[in-house]
Amino acid sequence: MQTNDQRLLDRILDDQHRRLAPDQGGDDFFTFFAADKALQDWDLDSDEITDGIVDGAHDCGIDGIWSFVDGRYVTADAHQYLGSRAGIIELVVLQAKTSPGYQESVFEKLHFHLPTLLDISRDEDDLVGHTNAKLLERTRRFLHILEELASSFPQVKLPLDRGHLETGT
């Protein structure tokens, strides 16, 4: 039986889905919606949110991943406009599920894959077979930023537990 919160969230999702993206699949819309809410402190536009969504086959348990330098989202070409200094580099990793609660396997996947994906000396040839291209590119973007700005000794953050959405669908 759904809680009031789950029922209301399902209603909000249905209304937003019909209004904003009626042609988009339910799971894809939920991932976008969850990303939009998780990233609201950064005030990204729809294209920037979509840019970080890596959900799909071989996503290593990651539905979205975004890199920020001093609060600004880093797009594919934005790294060329970064200065030589940074105060804070942030990496936001999203896992969006419509099932009630989280299962241990979700965290196990992240625990297994993130260290390899975020290793500067990773062997990309080894990753290609089980990691989708978009996820490889987004983690490569983060690693490039990290390496380029290392001499400014930035604070590196992986914001965790900004809350989660739990629906009954």
# chains A, B, ... in the order shown; residues from 1 in each chain; ligands from 1

$ closest_atom_pairs --of "range 87-167 of chain A" --to "range 55-79 of chain A" --cutoff "7 Å" --atoms "only C-alpha atoms" --output "JSON lines"
{"residue": "A:Gly87", "atom": "CA", "partner": "A:Asp70", "partner_atom": "CA", "distance": 6.0}
{"residue": "A:Ile88", "atom": "CA", "partner": "A:Asp70", "partner_atom": "CA", "distance": 5.0}
{"residue": "A:Ile89", "atom": "CA", "partner": "A:Val69", "partner_atom": "CA", "distance": 4.6}
{"residue": "A:Glu90", "atom": "CA", "partner": "A:Phe68", "partner_atom": "CA", "distance": 5.0}
{"residue": "A:Leu91", "atom": "CA", "partner": "A:Ser67", "partner_atom": "CA", "distance": 4.7}
{"residue": "A:Val92", "atom": "CA", "partner": "A:Trp66", "partner_atom": "CA", "distance": 5.2}
{"residue": "A:Val93", "atom": "CA", "partner": "A:Ile65", "partner_atom": "CA", "distance": 4.5}
{"residue": "A:Leu94", "atom": "CA", "partner": "A:Gly64", "partner_atom": "CA", "distance": 4.8}
{"residue": "A:Gln95", "atom": "CA", "partner": "A:Asp63", "partner_atom": "CA", "distance": 5.1}
{"residue": "A:Ala96", "atom": "CA", "partner": "A:Asp63", "partner_atom": "CA", "distance": 6.4}
{"residue": "A:Val106", "atom": "CA", "partner": "A:Gly61", "partner_atom": "CA", "distance": 6.5}
{"residue": "A:Lys109", "atom": "CA", "partner": "A:Gly61", "partner_atom": "CA", "distance": 5.7}
{"residue": "A:Leu110", "atom": "CA", "partner": "A:Gly61", "partner_atom": "CA", "distance": 6.0}
{"residue": "A:His113", "atom": "CA", "partner": "A:Cys60", "partner_atom": "CA", "distance": 6.2}
{"residue": "A:His130", "atom": "CA", "partner": "A:His58", "partner_atom": "CA", "distance": 5.3}
{"residue": "A:Thr131", "atom": "CA", "partner": "A:His58", "partner_atom": "CA", "distance": 4.7}
{"residue": "A:Asn132", "atom": "CA", "partner": "A:His58", "partner_atom": "CA", "distance": 5.1}
{"residue": "A:Leu135", "atom": "CA", "partner": "A:Asp59", "partner_atom": "CA", "distance": 6.6}
{"residue": "A:Arg138", "atom": "CA", "partner": "A:Ile65", "partner_atom": "CA", "distance": 6.8}
{"residue": "A:Phe142", "atom": "CA", "partner": "A:Ser67", "partner_atom": "CA", "distance": 5.9}
{"residue": "A:Ile145", "atom": "CA", "partner": "A:His79", "partner_atom": "CA", "distance": 6.9}

$ select_by_dssp --residues "range 53-136 of chain A" --states "strand (DSSP E)" --output "VMD selection string"
chain A and resid 64 to 69 72 to 73 88 to 94

$ write_last_selection --atoms "N, CA and C atoms" --output "CSV table (one decimal), in the first residue's frame"
chain,number,residue,atom,x,y,z
A,64,GLY,N,22.9,9.2,-14.0
A,64,GLY,CA,23.3,10.5,-14.4
A,64,GLY,C,24.6,11.0,-13.7
A,65,ILE,N,25.4,11.8,-14.4
A,65,ILE,CA,26.6,12.2,-13.8
A,65,ILE,C,27.0,13.6,-14.4
A,66,TRP,N,27.2,14.6,-13.5
A,66,TRP,CA,27.5,16.0,-13.9
A,66,TRP,C,28.7,16.5,-13.1
A,67,SER,N,29.5,17.3,-13.8
A,67,SER,CA,30.7,17.9,-13.2
A,67,SER,C,30.5,19.4,-13.1
A,68,PHE,N,30.9,20.0,-12.0
A,68,PHE,CA,30.8,21.4,-11.7
A,68,PHE,C,32.1,21.9,-11.2
A,69,VAL,N,32.5,23.1,-11.7
A,69,VAL,CA,33.6,23.8,-11.2
A,69,VAL,C,33.1,25.2,-10.7
A,72,ARG,N,29.6,26.0,-11.6
A,72,ARG,CA,29.2,26.1,-13.0
A,72,ARG,C,29.3,24.7,-13.6
A,73,TYR,N,28.3,24.3,-14.3
A,73,TYR,CA,28.3,23.0,-15.0
A,73,TYR,C,29.3,23.0,-16.1
A,88,ILE,N,36.3,24.8,-5.9
A,88,ILE,CA,35.6,23.6,-5.7
A,88,ILE,C,35.3,22.9,-7.0
A,89,ILE,N,35.6,21.6,-7.0
A,89,ILE,CA,35.1,20.7,-8.1
A,89,ILE,C,34.1,19.7,-7.5
A,90,GLU,N,33.0,19.7,-8.1
A,90,GLU,CA,31.9,18.7,-7.7
A,90,GLU,C,31.6,17.7,-8.7
A,91,LEU,N,31.3,16.5,-8.3
A,91,LEU,CA,30.8,15.5,-9.2
A,91,LEU,C,29.5,15.0,-8.6
A,92,VAL,N,28.4,15.1,-9.3
A,92,VAL,CA,27.1,14.7,-8.9
A,92,VAL,C,26.8,13.4,-9.6
A,93,VAL,N,26.5,12.3,-8.9
A,93,VAL,CA,26.2,11.0,-9.4
A,93,VAL,C,24.7,10.7,-9.0
A,94,LEU,N,23.9,10.4,-10.0
A,94,LEU,CA,22.5,10.1,-9.8
A,94,LEU,C,22.1,8.7,-10.0

$ closest_residue --among "A:Phe29, A:Phe112, A:Phe153, A:Trp42" --to "Thr98 in chain A" --atoms "only C-alpha atoms"
A:Phe29

$ residues_around --residues "Ala21 in chain A" --least-positions-apart "5" --cutoff "12 Å" --atoms "only C-alpha atoms" --output "list in words"
Leu13, Asp14, Asp15, Gln16, Gly26, Asp27, Asp28, Phe29, Phe30, Phe32, Phe33 and Ser46 of chain A

$ select_by_dssp --residues "range 26-120 of chain A" --states "alpha helix (DSSP H)" --output "CSV table (one decimal) with N, CA and C atoms, in the first residue's frame"
chain,number,residue,atom,x,y,z
A,26,GLY,N,7.9,6.6,-19.6
A,26,GLY,CA,7.7,6.9,-18.2
A,26,GLY,C,9.1,6.8,-17.4
A,27,ASP,N,9.9,5.8,-17.7
A,27,ASP,CA,11.1,5.6,-17.0
A,27,ASP,C,12.1,6.8,-17.3
A,28,ASP,N,12.1,7.1,-18.6
A,28,ASP,CA,13.0,8.2,-19.1
A,28,ASP,C,12.6,9.5,-18.4
A,29,PHE,N,11.3,9.8,-18.4
A,29,PHE,CA,10.8,11.0,-17.7
A,29,PHE,C,11.1,11.0,-16.3
A,30,PHE,N,11.0,9.9,-15.6
A,30,PHE,CA,11.3,9.8,-14.1
A,30,PHE,C,12.8,10.1,-13.9
A,31,THR,N,13.6,9.6,-14.7
A,31,THR,CA,15.1,9.9,-14.6
A,31,THR,C,15.3,11.4,-14.8
A,32,PHE,N,14.7,12.0,-15.8
A,32,PHE,CA,14.9,13.4,-16.0
A,32,PHE,C,14.3,14.2,-14.8
A,33,PHE,N,13.1,13.9,-14.3
A,33,PHE,CA,12.5,14.5,-13.2
A,33,PHE,C,13.4,14.4,-12.0
A,34,ALA,N,13.9,13.2,-11.7
A,34,ALA,CA,14.7,13.0,-10.5
A,34,ALA,C,16.0,13.9,-10.6
A,35,ALA,N,16.6,13.9,-11.8
A,35,ALA,CA,17.8,14.7,-12.1
A,35,ALA,C,17.5,16.2,-11.9
A,36,ASP,N,16.4,16.7,-12.4
A,36,ASP,CA,16.0,18.1,-12.3
A,36,ASP,C,15.9,18.5,-10.8
A,37,LYS,N,15.3,17.6,-10.0
A,37,LYS,CA,15.1,17.9,-8.6
A,37,LYS,C,16.4,17.8,-7.8
A,38,ALA,N,17.3,16.8,-8.2
A,38,ALA,CA,18.6,16.6,-7.5
A,38,ALA,C,19.5,17.8,-7.8
A,46,SER,N,17.2,22.4,-19.3
A,46,SER,CA,16.9,21.0,-19.7
A,46,SER,C,18.0,20.3,-20.5
A,47,ASP,N,18.6,21.0,-21.4
A,47,ASP,CA,19.7,20.4,-22.2
A,47,ASP,C,20.9,20.0,-21.3
A,48,GLU,N,21.2,20.8,-20.3
A,48,GLU,CA,22.3,20.5,-19.4
A,48,GLU,C,21.9,19.3,-18.5
A,49,ILE,N,20.7,19.2,-18.1
A,49,ILE,CA,20.3,18.0,-17.3
A,49,ILE,C,20.4,16.8,-18.2
A,50,THR,N,19.8,16.9,-19.4
A,50,THR,CA,19.8,15.7,-20.3
A,50,THR,C,21.3,15.3,-20.7
A,51,ASP,N,22.2,16.3,-20.8
A,51,ASP,CA,23.6,16.0,-21.1
A,51,ASP,C,24.2,15.1,-20.1
A,52,GLY,N,23.8,15.1,-18.9
A,52,GLY,CA,24.4,14.3,-17.9
A,52,GLY,C,23.8,12.9,-17.7
A,104,GLU,N,20.4,-3.4,-1.8
A,104,GLU,CA,21.8,-3.4,-1.6
A,104,GLU,C,22.6,-3.5,-2.9
A,105,SER,N,22.1,-4.2,-3.9
A,105,SER,CA,22.8,-4.3,-5.2
A,105,SER,C,23.0,-3.0,-5.9
A,106,VAL,N,22.2,-2.0,-5.7
A,106,VAL,CA,22.4,-0.7,-6.2
A,106,VAL,C,23.7,-0.1,-5.7
A,107,PHE,N,23.9,-0.2,-4.4
A,107,PHE,CA,25.1,0.4,-3.8
A,107,PHE,C,26.3,-0.4,-4.1
A,108,GLU,N,26.1,-1.7,-4.2
A,108,GLU,CA,27.2,-2.6,-4.6
A,108,GLU,C,27.8,-2.3,-6.0
A,109,LYS,N,26.9,-2.0,-6.9
A,109,LYS,CA,27.3,-1.6,-8.3
A,109,LYS,C,28.1,-0.4,-8.3
A,110,LEU,N,27.6,0.6,-7.6
A,110,LEU,CA,28.3,1.9,-7.5
A,110,LEU,C,29.6,1.7,-6.8
A,111,HIS,N,29.7,1.0,-5.7
A,111,HIS,CA,30.9,0.7,-5.0
A,111,HIS,C,31.9,0.0,-5.8
A,112,PHE,N,31.5,-0.9,-6.7
A,112,PHE,CA,32.4,-1.6,-7.5
A,112,PHE,C,32.9,-0.8,-8.7
A,113,HIS,N,32.0,0.0,-9.4
A,113,HIS,CA,32.3,0.7,-10.6
A,113,HIS,C,32.9,2.1,-10.4
A,114,LEU,N,32.5,2.8,-9.4
A,114,LEU,CA,33.0,4.2,-9.3
A,114,LEU,C,34.5,4.3,-9.2
A,115,PRO,N,35.1,3.5,-8.3
A,115,PRO,CA,36.6,3.6,-8.2
A,115,PRO,C,37.3,3.5,-9.6
A,116,THR,N,36.9,2.5,-10.4
A,116,THR,CA,37.5,2.3,-11.7
A,116,THR,C,37.2,3.5,-12.6
A,117,LEU,N,35.9,3.9,-12.6
A,117,LEU,CA,35.5,5.0,-13.5
A,117,LEU,C,36.2,6.3,-13.2

$ closest_residue --among "A:Asp45, A:Asn4, A:Ile53, A:Leu20" --to "Lys134 in chain A" --atoms "only C-alpha atoms"
A:Ile53

$ residues_around --residues "range 149-152 of chain A" --least-positions-apart "5" --cutoff "7 Å" --atoms "only C-alpha atoms" --output "PyMOL selection string"
chain A and resi 84-86

$ write_last_selection --atoms "N, CA and C atoms" --output "PDB file, in the first residue's frame"
ATOM      1  N   SER A  84      42.745  28.707 -14.679  1.00  0.00           N
ATOM      2  CA  SER A  84      43.745  27.762 -14.183  1.00  0.00           C
ATOM      3  C   SER A  84      43.553  27.473 -12.701  1.00  0.00           C
ATOM      4  N   ARG A  85      42.546  28.093 -12.098  1.00  0.00           N
ATOM      5  CA  ARG A  85      42.292  27.911 -10.675  1.00  0.00           C
ATOM      6  C   ARG A  85      40.834  27.530 -10.455  1.00  0.00           C
ATOM      7  N   ALA A  86      40.634  26.766  -9.383  1.00  0.00           N
ATOM      8  CA  ALA A  86      39.279  26.400  -8.983  1.00  0.00           C
ATOM      9  C   ALA A  86      39.239  26.254  -7.480  1.00  0.00           C
TER      10      ALA A  86
END

$ closest_residue --among "A:Gln40, A:Val54, A:Asp23, A:His17" --to "Ala133 in chain A" --atoms "only C-alpha atoms"
A:Val54

$ atom_distance --atom1 "CA of Leu82 in chain A" --atom2 "CA of Glu148 in chain A"
9.4 Å
